[in-house]
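Data block for target01.cif (mmCIF, C-alpha atoms):
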data_my_file
#
loop_
_atom_site.group_PDB
_atom_site.id
_atom_site.type_symbol
_atom_site.label_atom_id
_atom_site.label_comp_id
_atom_site.auth_asym_id
_atom_site.auth_seq_id
_atom_site.Cartn_x
_atom_site.Cartn_y
_atom_site.Cartn_z
ATOM 1 C CA MET A 885 13.955 20.924 14.749
ATOM 2 C CA SER A 886 13.923 21.705 11.022
ATOM 3 C CA LYS A 887 13.537 19.004 8.384
ATOM 4 C CA GLU A 888 17.186 19.370 7.392
ATOM 5 C CA GLU A 889 18.412 19.075 10.989
ATOM 6 C CA LEU A 890 16.225 16.029 11.512
ATOM 7 C CA ARG A 891 17.501 14.471 8.258
ATOM 8 C CA ARG A 892 21.102 14.906 9.410
ATOM 9 C CA ALA A 893 20.356 13.438 12.853
ATOM 10 C CA LEU A 894 18.488 10.436 11.435
ATOM 11 C CA THR A 895 21.194 9.808 8.818
ATOM 12 C CA ARG A 896 23.893 9.865 11.518
ATOM 13 C CA ALA A 897 21.841 7.497 13.681
ATOM 14 C CA ARG A 898 21.403 5.047 10.805
ATOM 15 C CA ARG A 899 25.111 5.039 10.032
ATOM 16 C CA ALA A 900 25.892 4.389 13.708
ATOM 17 C CA ARG A 901 23.450 1.443 13.975
ATOM 18 C CA PRO A 902 24.997 -1.992 14.431
ATOM 19 C CA ALA A 903 24.370 -4.735 11.868
ATOM 20 C CA LYS A 904 20.660 -5.297 11.474
ATOM 21 C CA ARG A 905 20.159 -8.383 9.298
ATOM 22 C CA GLU A 906 17.552 -9.880 11.639
ATOM 23 C CA GLU A 907 15.555 -6.627 11.693
ATOM 24 C CA ASP A 908 15.743 -6.340 7.905
ATOM 25 C CA ALA A 909 14.531 -9.930 7.496
ATOM 26 C CA ALA A 910 11.697 -9.202 9.947
ATOM 27 C CA LEU A 911 10.765 -6.059 7.988
ATOM 28 C CA ALA A 912 10.628 -8.072 4.768
ATOM 29 C CA ALA A 913 8.429 -10.689 6.462
ATOM 30 C CA GLN A 914 6.073 -7.956 7.698
ATOM 31 C CA CYS A 915 5.855 -6.529 4.170
ATOM 32 C CA LEU A 916 4.830 -9.975 2.926
ATOM 33 C CA ARG A 917 2.155 -10.177 5.655
ATOM 34 C CA LEU A 918 0.757 -6.826 4.573
ATOM 35 C CA LEU A 919 0.985 -7.760 0.893
ATOM 36 C CA GLY A 920 -0.949 -10.949 1.661
ATOM 37 C CA ARG A 921 -3.925 -8.773 2.682
ATOM 38 C CA CYS A 922 -3.817 -6.880 -0.623
ATOM 39 C CA SER A 923 -5.409 -7.692 -3.951
ATOM 40 C CA PRO A 924 -3.522 -9.669 -6.588
ATOM 41 C CA GLY A 925 -1.225 -7.660 -8.787
ATOM 42 C CA PRO A 926 2.205 -6.109 -8.904
ATOM 43 C CA VAL A 927 3.984 -4.387 -6.049
ATOM 44 C CA ALA A 928 6.079 -1.217 -6.250
ATOM 45 C CA ALA A 929 9.227 -1.219 -4.139
ATOM 46 C CA TYR A 930 12.756 0.193 -4.108
ATOM 47 C CA HIS A 931 16.353 -0.972 -3.658
ATOM 48 C CA PRO A 932 17.080 -0.419 0.051
ATOM 49 C CA LEU A 933 20.578 0.985 0.500
ATOM 50 C CA PRO A 934 22.849 -0.595 3.143
ATOM 51 C CA SER A 935 21.656 1.802 5.856
ATOM 52 C CA GLU A 936 17.957 1.552 4.913
ATOM 53 C CA PRO A 937 15.323 -0.740 6.407
ATOM 54 C CA GLY A 938 14.983 -3.960 4.432
ATOM 55 C CA HIS A 939 18.483 -3.929 2.911
ATOM 56 C CA GLY A 940 19.362 -7.338 1.504
ATOM 57 C CA ALA A 941 15.983 -8.837 2.450
ATOM 58 C CA LEU A 942 13.114 -6.845 0.948
ATOM 59 C CA LEU A 943 13.621 -7.492 -2.756
ATOM 60 C CA PRO A 944 14.458 -11.219 -2.405
ATOM 61 C CA ALA A 945 11.308 -11.672 -0.287
ATOM 62 C CA LEU A 946 9.145 -9.843 -2.833
ATOM 63 C CA ARG A 947 10.682 -11.794 -5.717
ATOM 64 C CA GLY A 948 9.687 -14.990 -3.909
ATOM 65 C CA THR A 949 5.993 -14.048 -4.185
ATOM 66 C CA GLY A 950 5.987 -14.385 -7.979
ATOM 67 C CA ARG A 951 4.415 -10.920 -8.317
ATOM 68 C CA ASP A 952 5.751 -8.381 -10.762
ATOM 69 C CA ILE A 953 7.825 -5.736 -8.984
ATOM 70 C CA TYR A 954 8.100 -2.153 -10.187
ATOM 71 C CA LEU A 955 11.246 -0.297 -9.152
ATOM 72 C CA PRO A 956 11.924 3.444 -9.462
ATOM 73 C CA ILE A 957 14.094 5.250 -11.977
ATOM 74 C CA SER A 958 15.235 8.744 -10.970
ATOM 75 C CA LEU A 959 14.566 11.370 -13.619
ATOM 76 C CA PRO A 960 15.573 15.032 -13.862
ATOM 77 C CA GLY A 961 13.416 17.460 -11.942
ATOM 78 C CA GLY A 962 12.930 15.139 -8.978
ATOM 79 C CA ARG A 963 10.566 12.824 -10.847
ATOM 80 C CA LEU A 964 10.353 9.026 -10.831
ATOM 81 C CA ALA A 965 9.574 6.585 -13.621
ATOM 82 C CA TRP A 966 8.990 2.884 -12.994
ATOM 83 C CA ALA A 967 10.169 -0.317 -14.679
ATOM 84 C CA LEU A 968 9.793 -3.994 -13.921
ATOM 85 C CA ASP A 969 12.482 -5.636 -11.815
ATOM 86 C CA GLY A 970 15.120 -7.274 -13.950
ATOM 87 C CA PRO A 971 18.563 -6.434 -15.271
ATOM 88 C CA SER A 972 19.686 -3.165 -13.736
ATOM 89 C CA ARG A 973 22.230 -0.424 -14.163
ATOM 90 C CA PRO A 974 23.449 2.268 -11.761
ATOM 91 C CA GLY A 975 21.169 5.296 -11.763
ATOM 92 C CA HIS A 976 22.371 8.865 -11.535
ATOM 93 C CA LEU A 977 21.889 8.750 -7.740
ATOM 94 C CA GLY A 978 24.058 5.624 -7.498
ATOM 95 C CA ILE A 979 21.077 3.356 -6.811
ATOM 96 C CA PRO A 980 20.483 0.334 -9.077
ATOM 97 C CA GLU A 981 17.683 1.015 -11.553
ATOM 98 C CA PRO A 982 15.909 -1.466 -13.816
ATOM 99 C CA ALA A 983 16.934 -1.283 -17.455
ATOM 100 C CA GLY A 984 13.530 -2.265 -18.896
ATOM 101 C CA PRO A 985 10.890 -0.061 -20.520
ATOM 102 C CA ARG A 986 9.861 2.922 -18.411
ATOM 103 C CA ARG A 987 6.345 3.606 -17.257
ATOM 104 C CA GLY A 988 4.769 6.531 -15.484
ATOM 105 C CA THR A 989 2.431 6.824 -12.547
ATOM 106 C CA GLU A 990 -0.006 4.387 -14.165
ATOM 107 C CA ALA A 991 2.427 1.620 -13.128
ATOM 108 C CA LEU A 992 1.872 2.561 -9.476
ATOM 109 C CA ALA A 993 -1.881 2.740 -9.971
ATOM 110 C CA SER A 994 -1.830 -0.881 -11.177
ATOM 111 C CA CYS A 995 -0.104 -2.120 -8.009
ATOM 112 C CA ALA A 996 -1.593 -4.033 -5.104
ATOM 113 C CA LEU A 997 0.812 -2.263 -2.707
ATOM 114 C CA VAL A 998 3.343 0.569 -2.969
ATOM 115 C CA LEU A 999 6.371 0.406 -0.635
ATOM 116 C CA VAL A 1000 8.351 3.616 -0.114
ATOM 117 C CA PRO A 1001 11.543 4.510 1.754
ATOM 118 C CA THR A 1002 11.801 6.964 4.624
ATOM 119 C CA LEU A 1003 14.376 8.349 7.032
ATOM 120 C CA GLY A 1004 11.738 8.986 9.662
ATOM 121 C CA ILE A 1005 7.973 8.839 9.806
ATOM 122 C CA SER A 1006 5.301 10.311 12.034
ATOM 123 C CA PRO A 1007 2.636 8.093 13.599
ATOM 124 C CA GLU A 1008 0.215 9.889 11.236
ATOM 125 C CA GLY A 1009 2.117 8.506 8.225
ATOM 126 C CA TYR A 1010 4.050 11.593 7.131
ATOM 127 C CA ARG A 1011 7.479 10.508 5.991
ATOM 128 C CA LEU A 1012 10.718 12.410 5.999
ATOM 129 C CA GLY A 1013 12.738 11.563 2.920
ATOM 130 C CA LYS A 1014 16.215 12.610 1.895
ATOM 131 C CA GLY A 1015 15.041 16.003 0.652
ATOM 132 C CA GLY A 1016 14.726 15.535 -3.100
ATOM 133 C CA GLY A 1017 10.931 15.274 -3.089
ATOM 134 C CA TYR A 1018 10.918 12.325 -5.509
ATOM 135 C CA TYR A 1019 8.427 10.241 -3.560
ATOM 136 C CA ASP A 1020 6.187 13.137 -2.510
ATOM 137 C CA ARG A 1021 5.816 14.024 -6.213
ATOM 138 C CA ALA A 1022 5.192 10.395 -7.190
ATOM 139 C CA LEU A 1023 2.584 9.944 -4.443
ATOM 140 C CA ALA A 1024 0.876 13.236 -5.326
ATOM 141 C CA ASP A 1025 0.733 12.122 -8.979
ATOM 142 C CA LEU A 1026 -0.706 8.772 -7.862
ATOM 143 C CA ALA A 1027 -3.370 10.514 -5.746
ATOM 144 C CA ALA A 1028 -4.341 12.729 -8.696
ATOM 145 C CA LEU A 1029 -4.477 9.797 -11.124
ATOM 146 C CA THR A 1030 -6.520 7.552 -8.837
ATOM 147 C CA ALA A 1031 -8.901 10.392 -7.923
ATOM 148 C CA LEU A 1032 -10.122 10.059 -11.513
ATOM 149 C CA ALA A 1033 -10.093 6.247 -11.568
ATOM 150 C CA PRO A 1034 -10.073 4.823 -8.036
ATOM 151 C CA PRO A 1035 -9.060 2.930 -6.039
ATOM 152 C CA ARG A 1036 -5.595 4.067 -5.012
ATOM 153 C CA PRO A 1037 -3.354 1.212 -3.885
ATOM 154 C CA PRO A 1038 -2.280 1.222 -0.246
ATOM 155 C CA ILE A 1039 1.084 2.847 0.441
ATOM 156 C CA ALA A 1040 3.467 1.666 3.163
ATOM 157 C CA ALA A 1041 6.797 2.977 4.470
ATOM 158 C CA LEU A 1042 9.453 0.800 6.116
ATOM 159 C CA ALA A 1043 11.071 2.127 9.288
ATOM 160 C CA TYR A 1044 13.019 1.018 12.310
ATOM 161 C CA PRO A 1045 11.086 1.591 15.570
ATOM 162 C CA GLU A 1046 13.226 4.539 16.689
ATOM 163 C CA GLU A 1047 12.460 6.316 13.387
ATOM 164 C CA ILE A 1048 8.726 6.594 14.126
ATOM 165 C CA ILE A 1049 8.798 10.109 15.534
ATOM 166 C CA PRO A 1050 7.141 13.482 15.039
ATOM 167 C CA VAL A 1051 8.327 15.053 11.779
ATOM 168 C CA PRO A 1052 7.673 18.530 10.388
ATOM 169 C CA VAL A 1053 4.825 18.459 7.856
ATOM 170 C CA GLU A 1054 4.515 20.815 4.904
ATOM 171 C CA PRO A 1055 1.548 21.212 2.524
ATOM 172 C CA HIS A 1056 3.197 19.145 -0.245
ATOM 173 C CA ASP A 1057 3.958 16.156 2.042
ATOM 174 C CA GLN A 1058 2.026 12.994 1.218
ATOM 175 C CA ALA A 1059 1.012 10.604 3.999
ATOM 176 C CA VAL A 1060 1.300 6.836 3.643
ATOM 177 C CA ASP A 1061 -1.376 4.392 4.811
ATOM 178 C CA TYR A 1062 0.813 1.923 6.715
ATOM 179 C CA ILE A 1063 4.014 1.927 8.714
ATOM 180 C CA VAL A 1064 5.973 -1.325 8.561
ATOM 181 C CA GLU A 1065 8.525 -2.049 11.282
ATOM 182 C CA PRO A 1066 10.290 -5.281 12.308
ATOM 183 C CA GLY A 1067 7.645 -6.159 14.915
ATOM 184 C CA GLY A 1068 4.628 -5.634 12.673
ATOM 185 C CA TRP A 1069 2.750 -3.177 10.527
ATOM 186 C CA ARG A 1070 0.023 -0.747 11.437
ATOM 187 C CA ALA A 1071 -2.264 1.747 9.834
ATOM 188 C CA LYS A 1072 -1.252 5.340 10.376
ATOM 189 C CA SER A 1073 -2.877 7.016 13.328
ATOM 190 C CA LYS A 1074 -5.540 9.647 12.751
ATOM 191 C CA GLY A 1075 -4.667 13.285 13.049
ATOM 192 C CA VAL A 1076 -2.750 16.080 11.372
#

Let's see the structure in the file written out as structure tokens.
Amino acid sequence: MSKEELRRALTRARRARPAKREEDAALAAQCLRLLGRCSPGPVAAYHPLPSEPGHGALLPALRGTGRDIYLPISLPGGRLAWALDGPSRPGHLGIPEPAGPRRGTEALASCALVLVPTLGISPEGYRLGKGGGYYDRALADLAALTALAPPRPPIAALAYPEEIIPVPVEPHDQAVDYIVEPGGWRAKSKGV
């Protein structure tokens, strides 16, 4: 199955899922467990859309930690900037974006943990996004930046259990370190 076919199938499956508040709350709790194992410092996250894991629960849980939270801002060319959580405005993709001063990849490098969205993810940590490449570019930039000044913060993707599946991998795809699901979190498996 091609990436585009898999994206369509996973998107349809998410839209057909029944209400999932308990799973989203469990995902948020698992993110806090993982964050508790990380160093002090900010966390990078995102605004989960209604069909995405963590909707309605992730950001309130992270705000309760007292840590600074960096959220993405979509830029032209499939790039992301980052700003601290606070007053927001609709971004050009229809997702709320923070209105504060923008920062680049150095904001991610300062984080204790980076949380990223996914439609599906392989056990080896390769995520399938929506096809814009925003996060693969951001994670590649983070890898390049932290290669010069390590360490790179751990990166985790949130997924429902049925979304942890084999996905096609291309050379530009960036693997995450952890997969967070309602029942727990785990390091990616070795391979690929």

- [ ] Would you translate the PyMOL selection byres ((chain A and resi 958) around 12) into the concrete set of residues it matches in this file, as an MDAnalysis selection string?
- [x] chainID A and resid 930 955:957 959:967 973:982 986 988 1016:1019 1021:1022

Using only C-alpha atoms, I'd like a table of the residues in region 899-972 of chain A that come within 7 Å of region 1053-1067 of chain A; for each, show the closest atom pair and its distance in Å rounded to one decimal, ordered by chain and ascending number, as a tab-separated table.
residue	atom	partner	partner_atom	distance
A:Glu907	CA	A:Pro1066	CA	5.5
A:Ala910	CA	A:Pro1066	CA	4.8
A:Leu911	CA	A:Pro1066	CA	4.4
A:Gln914	CA	A:Val1064	CA	6.7
A:Cys915	CA	A:Val1064	CA	6.8

- [ ] Report as an MDAnalysis selection string the residues that result from applying the PyMOL selection byres ((chain A and resi 995) around 10) to the structure here.
- [x] chainID A and resid 922:928 951:954 990:994 996:998 1036:1039

- [ ] For the point (13.8, 3.1, 15.7) in the file's frame, write as an NGL selection string all residues with an atom no more than 12 Å away, counting all atoms listed in the file.
- [x] :A and (894 or 897-898 or 901 or 904 or 907 or 936-937 or 1002-1006 or 1042-1049 or 1064-1067)

Task: Minimum-distance residue to Arg905 (chain A), chosen among A:Ala893, A:Ala1031, A:Leu918, A:Pro934 (using all atoms listed in the file) - done: A:Pro934

Open item on the list: Using all atoms listed in the file for the distances, tell me which of A:Pro1001, A:Pro944, A:Pro1052, A:Pro1035 is nearest to Leu916 (chain A).
Closed with: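 Selected residue with least distance to Leu916 (chain A): A:Pro944.
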
Task: Counting only C-alpha atoms, the option among A:Gly1013, A:Gly920, A:Pro971, A:Gly940 closest to Val1000 (chain A) - done: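 Answer, going by the shortest atom-to-atom distance: A:Gly1013.
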
- [ ] Find, counting only C-alpha atoms, the residue in A:Ala1041, A:His931, A:Met885, A:Ala941 that gets nearest to Asp908 (chain A).
- [x]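 Answer, going by the shortest atom-to-atom distance: A:Ala941.
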
- [ ] Have a look at CA of Ala1033 (chain A) and CA of Arg987 (chain A) and let me know their distance in Å, one decimal.
- [x]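 Calculated distance between CA of Ala1033 (chain A) and CA of Arg987 (chain A) is 17.6 Å.
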
- [ ] Would you list the contacts of Ser1073 (chain A) as a PyMOL selection string, taking every protein, DNA or RNA residue within 9 Å and counting all atoms listed in the file, but skipping same-chain residues closer than 2 positions in sequence?
- [x] chain A and resi 1006-1009+1070-1071+1075

Open item on the list: One decimal, in Å: what's the spacing between CA of Lys1014 (chain A) and CA of Glu906 (chain A)?
Closed with: 24.5 Å
